[in-house]
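**Q** What follows is the file start_14.cif, containing mmCIF, C-alpha atoms:
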```
data_input
#
loop_
_atom_site.label_atom_id
_atom_site.label_comp_id
_atom_site.auth_asym_id
_atom_site.auth_seq_id
_atom_site.Cartn_x
_atom_site.Cartn_y
_atom_site.Cartn_z
CA MET A 1 97.39 162.36 113.60
CA LEU A 2 98.25 158.69 113.73
CA THR A 3 95.61 156.15 112.99
CA ALA A 4 95.96 152.56 114.00
CA CYS A 5 95.47 149.88 111.43
CA GLY A 6 92.50 147.97 112.69
CA THR A 7 92.70 144.26 112.31
CA SER A 8 89.44 142.51 112.62
CA LEU A 9 89.63 138.88 113.61
CA LYS A 10 86.93 136.75 112.09
CA LYS A 11 84.75 135.40 114.86
CA PHE A 12 83.24 131.95 114.60
CA PRO A 13 80.36 130.71 116.70
CA LEU A 14 81.25 128.09 119.28
CA GLN A 15 81.19 124.75 117.48
CA GLU A 16 81.12 122.38 120.43
CA LYS A 17 77.95 121.65 122.34
CA PHE A 18 78.73 119.10 125.03
CA GLY A 19 75.72 116.94 125.70
CA SER A 20 74.51 113.45 126.28
CA THR A 21 75.07 111.59 123.03
CA SER A 22 76.25 108.18 121.95
CA THR A 23 77.47 109.19 118.51
CA TYR A 24 81.14 108.64 119.31
CA SER A 25 80.99 105.80 121.87
CA ARG A 26 79.48 102.36 122.46
CA LEU A 27 79.57 99.75 125.21
CA PHE A 28 80.91 96.29 124.34
CA ASP A 29 80.71 93.00 126.24
CA SER A 30 84.45 92.48 125.89
CA THR A 31 87.73 93.61 127.38
CA PRO A 32 89.35 96.81 126.05
CA ALA A 33 92.01 94.71 124.30
CA GLN A 34 89.34 92.61 122.54
CA THR A 35 87.40 95.73 121.54
CA CYS A 36 90.47 97.44 120.10
CA GLU A 37 91.44 94.24 118.25
CA ALA A 38 87.96 94.07 116.71
CA ALA A 39 88.25 97.77 115.75
CA ARG A 40 91.65 97.09 114.14
CA ARG A 41 90.16 94.24 112.10
CA ALA A 42 87.18 96.40 111.12
CA LEU A 43 89.54 99.12 109.85
CA LEU A 44 91.75 96.64 107.98
CA SER A 45 88.69 95.05 106.37
CA GLN A 46 87.81 98.42 104.83
CA GLY A 47 91.28 99.16 103.43
CA TYR A 48 92.63 101.36 106.22
CA ILE A 49 96.31 101.41 107.08
CA THR A 50 96.69 101.05 110.84
CA ASN A 51 99.31 103.36 112.32
CA ILE A 52 98.99 102.60 116.03
CA THR A 53 97.79 99.28 117.41
CA ARG A 54 97.69 98.86 121.17
CA ASP A 55 95.35 97.22 123.69
CA ASP A 56 93.77 100.60 124.40
CA LEU A 57 94.23 102.55 121.13
CA VAL A 58 93.98 101.94 117.38
CA THR A 59 94.38 104.52 114.61
CA GLY A 60 93.94 104.03 110.90
CA GLN A 61 94.13 106.15 107.75
CA LYS A 62 92.64 105.85 104.31
CA SER A 63 93.01 108.15 101.29
CA PHE A 64 90.42 109.00 98.67
CA GLN A 65 90.69 110.95 95.42
CA PRO A 66 87.19 111.98 94.29
CA ASP A 67 88.59 113.84 91.26
CA GLY A 68 91.90 114.83 89.71
CA GLU A 69 92.27 118.06 91.66
CA SER A 70 91.22 117.05 95.16
CA HIS A 71 92.26 114.52 97.75
CA LEU A 72 90.64 113.39 101.01
CA GLN A 73 92.31 111.65 103.91
CA LEU A 74 90.24 110.05 106.66
CA GLU A 75 91.84 109.17 109.98
CA ILE A 76 89.92 107.10 112.52
CA ARG A 77 91.01 106.92 116.16
CA VAL A 78 89.56 104.30 118.52
CA VAL A 79 90.19 104.44 122.28
CA CYS A 80 89.15 101.42 124.37
CA VAL A 81 88.68 101.74 128.14
CA PRO A 82 87.26 99.40 130.80
CA ASP A 83 83.72 100.17 131.96
CA SER A 84 83.30 97.52 134.66
CA LYS A 85 85.27 96.47 137.72
CA ASP A 86 86.05 93.05 136.28
CA GLY A 87 87.20 94.59 132.96
CA LYS A 88 84.87 92.43 130.87
CA VAL A 89 82.83 95.39 129.63
CA SER A 90 84.56 98.14 127.69
CA LEU A 91 83.69 101.49 126.23
CA GLY A 92 84.92 102.27 122.75
CA PHE A 93 85.34 105.93 121.76
CA VAL A 94 85.74 106.64 118.04
CA THR A 95 86.54 109.87 116.25
CA ALA A 96 87.01 110.31 112.50
CA LEU A 97 88.89 113.32 111.14
CA GLN A 98 88.66 114.18 107.44
CA ASP A 99 91.36 116.36 105.85
CA ARG A 100 90.74 117.93 102.45
CA TYR A 101 93.49 118.80 100.01
CA ALA A 102 93.28 120.69 96.72
CA LEU A 103 95.65 120.96 93.79
CA LYS A 104 97.29 124.39 93.72
CA LYS A 105 99.25 125.59 90.72
CA SER A 106 101.94 128.23 91.11
CA ASN A 107 104.07 129.97 88.52
CA ASN A 108 107.71 130.46 89.42
CA SER A 109 109.90 132.86 87.53
CA ALA A 110 113.53 133.82 87.82
CA SER A 111 115.86 136.06 85.88
CA VAL A 112 119.57 135.95 85.26
CA GLY A 113 121.61 139.12 85.02
CA VAL A 114 124.97 139.17 83.30
CA SER A 115 127.08 141.97 84.78
CA ALA A 116 129.85 141.96 82.13
CA ILE A 117 127.37 142.76 79.34
CA GLY A 118 125.24 145.01 81.44
CA SER A 119 121.77 144.65 82.65
CA VAL A 120 120.61 141.69 80.59
CA SER A 121 117.96 139.55 82.11
CA LEU A 122 116.72 136.31 80.67
CA PRO A 123 113.47 135.21 82.23
CA PHE A 124 113.04 131.59 83.17
CA SER A 125 109.59 130.48 84.14
CA SER A 126 108.12 127.26 85.31
CA SER A 127 104.98 126.12 86.98
CA SER A 128 104.55 123.60 89.73
CA GLU A 129 101.62 121.81 91.24
CA SER A 130 101.20 120.72 94.83
CA MET A 131 98.46 119.45 97.09
CA VAL A 132 97.59 121.98 99.78
CA LYS A 133 95.49 121.25 102.84
CA VAL A 134 92.34 123.36 102.55
CA GLY A 135 90.21 122.01 105.38
CA SER A 136 89.88 119.61 108.25
CA GLU A 137 86.79 118.53 110.12
CA THR A 138 85.53 115.87 112.48
CA VAL A 139 82.99 113.55 110.90
CA VAL A 140 79.70 114.07 112.77
CA SER A 141 77.43 111.64 110.90
CA ASP A 142 75.57 109.31 113.26
CA ALA A 143 75.09 106.82 110.40
CA PHE A 144 78.87 106.69 109.75
CA TYR A 145 79.62 105.79 113.36
CA ASP A 146 76.68 103.35 113.57
CA ARG A 147 78.08 101.42 110.58
CA PHE A 148 81.57 101.39 112.11
CA PHE A 149 80.33 100.13 115.50
CA ASP A 150 78.19 97.46 113.79
CA LEU A 151 81.30 96.21 111.96
CA VAL A 152 83.29 96.17 115.22
CA LYS A 153 80.51 94.08 116.82
CA GLN A 154 80.69 91.61 113.93
CA TYR A 155 84.41 91.11 114.56
CA LEU A 156 83.80 90.68 118.30
CA VAL A 157 81.27 87.92 117.62
CA THR A 158 83.61 86.26 115.13
CA ASP A 159 86.53 86.59 117.53
CA ALA A 160 84.66 85.22 120.56
CA GLU A 161 85.68 81.75 121.61
CA PRO A 162 83.03 79.39 122.93
CA ASP A 163 83.39 78.42 126.59
CA ASP A 164 82.64 74.74 125.82
CA ALA A 165 85.41 74.18 123.30
CA PRO A 166 86.08 70.42 122.83
#
```
As structure tokens, please, write out the structure in this file.
**A**
Amino acid sequence: MLTACGTSLKKFPLQEKFGSTSTYSRLFDSTPAQTCEAARRALLSQGYITNITRDDLVTGQKSFQPDGESHLQLEIRVVCVPDSKDGKVSLGFVTALQDRYALKKSNNSASVGVSAIGSVSLPFSSSSESMVKVGSETVVSDAFYDRFFDLVKQYLVTDAEPDDAP
């Protein structure tokens, strides 16, 4: 009698719960281009490397090494869209993705056979280390996003030009 090898897939509960929240977005009294420029400046002020800089999108990355055997990389993506007919109010959407890497050590071995002498094998061994991605998750901390949006607002105020310039 044949028996099938049963493979059980690990089931995870649904992670997303769509709802009314302002964790990832804020309204700004500025155009989308001004909002994204303020977001770019906010990222640069905190040591992020900006990868994409457009009037409607900014992305930045920053690396952290909390200890000798782990590495974190944080990528922040800001999308700026108009939220009024005149385009002077914009909505900024921000998502931060954190990737975790760990140091993995592996032993490599090889042998050399010499056919003229017979079956002589000389083992050669070495070990190597590499960083391997072990996890990735969206940052869900309200406080994290609040601090980011507050910094963006500071750069919008600084960047605003007075209407009565001499």
**Q** Which residues, named as in the file, does the PyMOL selection byres ((chain A and resi 34) around 12) pick out? Answer as a ChimeraX atom specification.
**A** /A:28-33,35-41,53-58,79-82,87-92,152-153,155-161
**Q** Using all atoms listed in the file, can you tell me which of A:Val132, A:Ala96, A:Ile52, A:Leu44 comes closest to Tyr24 (chain A)?
**A** A:Ala96
**Q** Which residues, written as a PDB file with C-alpha atoms, in the coordinates of the input, have at least one atom at most 9 Å from Ala42 (chain A), with all atoms listed in the file counted and residues fewer than 6 positions away on the same chain left out?
**A**
```
ATOM      1  CA  TYR A  48      92.630 101.360 106.220  1.00  0.00           C
ATOM      2  CA  PHE A 148      81.570 101.390 112.110  1.00  0.00           C
ATOM      3  CA  PHE A 149      80.330 100.130 115.500  1.00  0.00           C
ATOM      4  CA  LEU A 151      81.300  96.210 111.960  1.00  0.00           C
ATOM      5  CA  VAL A 152      83.290  96.170 115.220  1.00  0.00           C
ATOM      6  CA  GLN A 154      80.690  91.610 113.930  1.00  0.00           C
ATOM      7  CA  TYR A 155      84.410  91.110 114.560  1.00  0.00           C
TER       8      TYR A 155
END
```
**Q** So, counting all atoms listed in the file, which residue among A:Leu9, A:Leu14, A:Leu103, A:Leu43 is closest to Leu72 (chain A)?
**A** A:Leu103
**Q** Do you have the CA of Glu69 (chain A)-CA of Thr138 (chain A) distance handy?
**A** 22.0 Å
**Q** Check the smallest atom-to-atom distance from each of A:Met131, A:Leu27, A:Val94, A:Ile49 to Gly68 (chain A) using all atoms listed in the file, then report the winner.
**A**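 Ranking A:Met131, A:Leu27, A:Val94, A:Ile49 by distance to Gly68 (chain A), first place goes to A:Met131.
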**Q** Leaving out Thr23 (chain A) and any residue of its chain fewer than 2 positions from it, which residues lie within 6 Å of it when counting all atoms listed in the file, given as a list in words?
**A**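 Near Thr23 (chain A), the qualifying residues are Thr21, Ser25 and Asp142 of chain A.
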**Q** Can you write out the residues you just picked, keeping C-alpha atoms, as a short mmCIF file (atom, residue, chain, number, x, y, z; two decimals), in the frame of the given file?
**A**
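So selection-v3.cif came out as:
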```cif
data_model
loop_
_atom_site.label_atom_id
_atom_site.label_comp_id
_atom_site.auth_asym_id
_atom_site.auth_seq_id
_atom_site.Cartn_x
_atom_site.Cartn_y
_atom_site.Cartn_z
CA THR A 21 75.07 111.59 123.03
CA SER A 25 80.99 105.80 121.87
CA ASP A 142 75.57 109.31 113.26
#
```
**Q** Is it possible to get the axis-aligned box enclosing region 47-62 of chain A (all listed atoms, 5 Å extra per side) as AutoDock Vina command-line options, with centre and edge lengths in Å rounded to one decimal?
**A**
```
--center_x 95.3 --center_y 101.7 --center_z 113.9 --size_x 18.0 --size_y 18.9 --size_z 31.0
```
**Q** Decode the PyMOL selection byres ((chain A and resi 134) around 9) for the given file into explicit residues and return them as a list in words.
**A**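 Checking the PyMOL selection byres ((chain A and resi 134) around 9) against this file, the residues are Asp99, Arg100, Tyr101, Ala102, Val132, Lys133, Gly135 and Ser136 of chain A.
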**Q** To one decimal in Å, tell me the separation between CA of Ser130 (chain A) and CA of Lys105 (chain A).
**A**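 Taking CA of Ser130 (chain A) as the start and CA of Lys105 (chain A) as the end point, the length is 6.7 Å.
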**Q** What's the 9 Å shell around Asn51 (chain A), counting all atoms listed in the file, without same-chain residues fewer than 5 positions away, as a VMD selection string?
**A** chain A and resid 58 to 61
**Q** Ranking A:Asp146, A:Glu137, A:Gln98, A:Thr50 by minimum distance to Phe64 (chain A) and counting all atoms listed in the file, which one comes first?
**A**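 For Phe64 (chain A), the nearest of the candidates is A:Gln98.
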**Q** Using all atoms listed in the file, pick whichever of A:Ser22, A:Lys10, A:Val78, A:Lys62 has the shortest atom-to-atom distance to Thr95 (chain A).
**A**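 Of A:Ser22, A:Lys10, A:Val78, A:Lys62, the one nearest Thr95 (chain A), counting all atoms listed in the file, is A:Val78.
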**Q** In terms of the shortest atom-to-atom distance over only C-alpha atoms, which of A:Val139, A:Phe12, A:Phe18, A:Arg26 is closest to Phe93 (chain A)?
**A**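 Selected residue with least distance to Phe93 (chain A): A:Arg26.
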